[in-house]
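Below you'll find the structure, written out as structure tokens, and then a few comments.
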Amino acid sequence: MQLGEATLYAASLELMEACIKKLTLMKVFEKQTLTSAMQPSREELEWPLSQMDREVGISFSSDFNFSLAALLYKGFSHPLSTVRTRTQELLTTLFFIHSPDVSGGRIEVYQDNLAYITVLFPESEIVRKHLREPRPRLKTLASSLEDSPTHSSYNTLLSSHAVPSQKQQILFLFVLACALINTQDEKKTQILYEFLANASKVYFNVFPLIRSVLMQNLVLTLQQSQSPHVLSAVQQLVSVAVERVPSDTDCKLTVINDLGFGGVREFFNPFPKHGLVYPTSQGTLLQKYLETLVAHLSPSEECVSKSHSLSSMKDFATNGSTNYPLSGSSALRRSSQAIPPSHNHQRTGSGPSPNKTPQETDTLDPDDTDF
């Protein structure tokens, strides 16, 4: 999924969804968070995984939930509508896993669910509806905040106590800024501009970072937008930018890189229309990760025969997706279809059966997997 290739992303999303559902049925999350449940498995593969994290610019070791949320946000721009729908459903599932006290239709913000609220906020009207606060304005808000529909609707997120950690404040506002920069939807643009205009007065120590990310967009919006609501929000952001003179202690853009999230903006870009040719470094890292994973799952002599099947994946990783025979729809279709019994025991080693078509050779045999 980190490679951003549409076919692999769709198949990987389906596998992730199945794993989360299985772990939920096993009641794993009744006693553990997703981070605590997954981190031990990541530690056993830490070297190749951390190398890939650094290559694409997210950090599961720094913040597991924001890394996963950014990775999943990419699914909202997938060319297949089914993948976009499943992305929202999986993010919603992850939100509820980390939200023990969702009652009365109102969302409470926790350290572990903030990342999923953040990426769902611009995409889901249901989430925005539940974030609306029917009670009077919270006393923890900055006194300079003006009353506005956006302010009164999202008090839960506009409380300095809701996101007490500066690291999470940075990631929270940075992710929303990335979503704003990459959206073409007028409604989302208005929602995000209005929210960030109010948030800049609450999280004022972090705002210089957001200002530097948004500056080009602010100028273009002032020149091109015809929406009075958007223009009003942009003017508020500009006003705060003028009032707030950056100091040496203010958050700088390099902090994002220091946190390990320098590549987050890429996950808010659309998938390439004509396939993707990976940098050699990413192809090499993917190959090393797969080899380590196979060795970890199959420490016996079977590892030797199974590792031969990596040759086609190596070619794919180093040469790009243009030579890969599967389309996004076929990958999804095959991953959901049962494998005919007659194929279950016809494979020897890693080579394909001579009776299979080229497409059939890509179908996973149950005997070749350990999950």
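Each chain in the structure tokens gets a letter, A, B, ..., in the order shown, and its residues are numbered from 1; ligands are numbered from 1 in order too.
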Legend entry - Contacts of stretch 88-97 of chain A within 9 Å, only C-alpha atoms, excl. fewer than 2 positions in-chain, as a PyMOL selection string: chain A and resi 13+16-17+20-21+24+29-30+33-34+69+72-73+75-76+83-86+99-100+102+112-117+119-120+123-124+127
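Put simply, atom CA of A:Pro79 is 13.5 Å away from atom CA of A:Ala11.
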Inset, instruction - Select, from A:Asn205, A:Gln226, A:Thr189, A:Gln39, the residue with the minimum atom-to-atom distance to A:Phe121, counting only C-alpha atoms. - result: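 Residue with the minimum atom-to-atom distance to A:Phe121: A:Thr189.
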Inset, instruction - May I ask which of the residues A:Pro122, A:Ala162, A:Ser50, A:Phe60 is the closest one to A:Asp185, counting only C-alpha atoms? - result: A:Pro122
Legend entry - Close residues, stretch 169-183 of chain A itself excluded, 10 Å, only C-alpha atoms, min 6 positions apart in chain, as a PyMOL selection string: chain A and resi 63+66-67+69-70+73+77+114-115+117-119+121-123+157+160+162-163+189-193+195-196+199-200+203+205-207+209-211+213-214+216-218+251+253+255-256+259+261+264-270
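Take atom CA of A:Thr221 and atom CA of A:Phe204: the distance between them is 22.1 Å.
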Inset, instruction - Work out how far apart atom CA of A:Glu14 and atom CA of A:Lys27 are and give it in Å to one decimal. - result: 20.1 Å
Inset, instruction - Identify all residues of stretch 2-63 of chain A in alpha helix (DSSP H) (DSSP on the backbone) and supply them as a VMD selection string. - result: chain A and resid 6 to 25 34 to 43 46 to 56
Inset, instruction - For each of A:Ser225, A:Gln111, A:Ile58, A:Glu46, take the minimum atom-to-atom distance to A:Gln166, counting only C-alpha atoms, then give the residue where this is smallest. - result: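 Under the stated criterion, the closest residue is A:Gln111.
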Inset, instruction - Rank nothing, just name the residue among A:Leu285, A:Leu23, A:Ala233, A:Val294 nearest to A:Asp53, using only C-alpha atoms. - result: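 With only C-alpha atoms as the atom set, the closest residue is A:Leu285.
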Inset, instruction - Counting only C-alpha atoms, figure out which residue out of A:Pro208, A:Ser281, A:Tyr154, A:Ile107 gets nearest to A:Val242. - result: A:Pro208
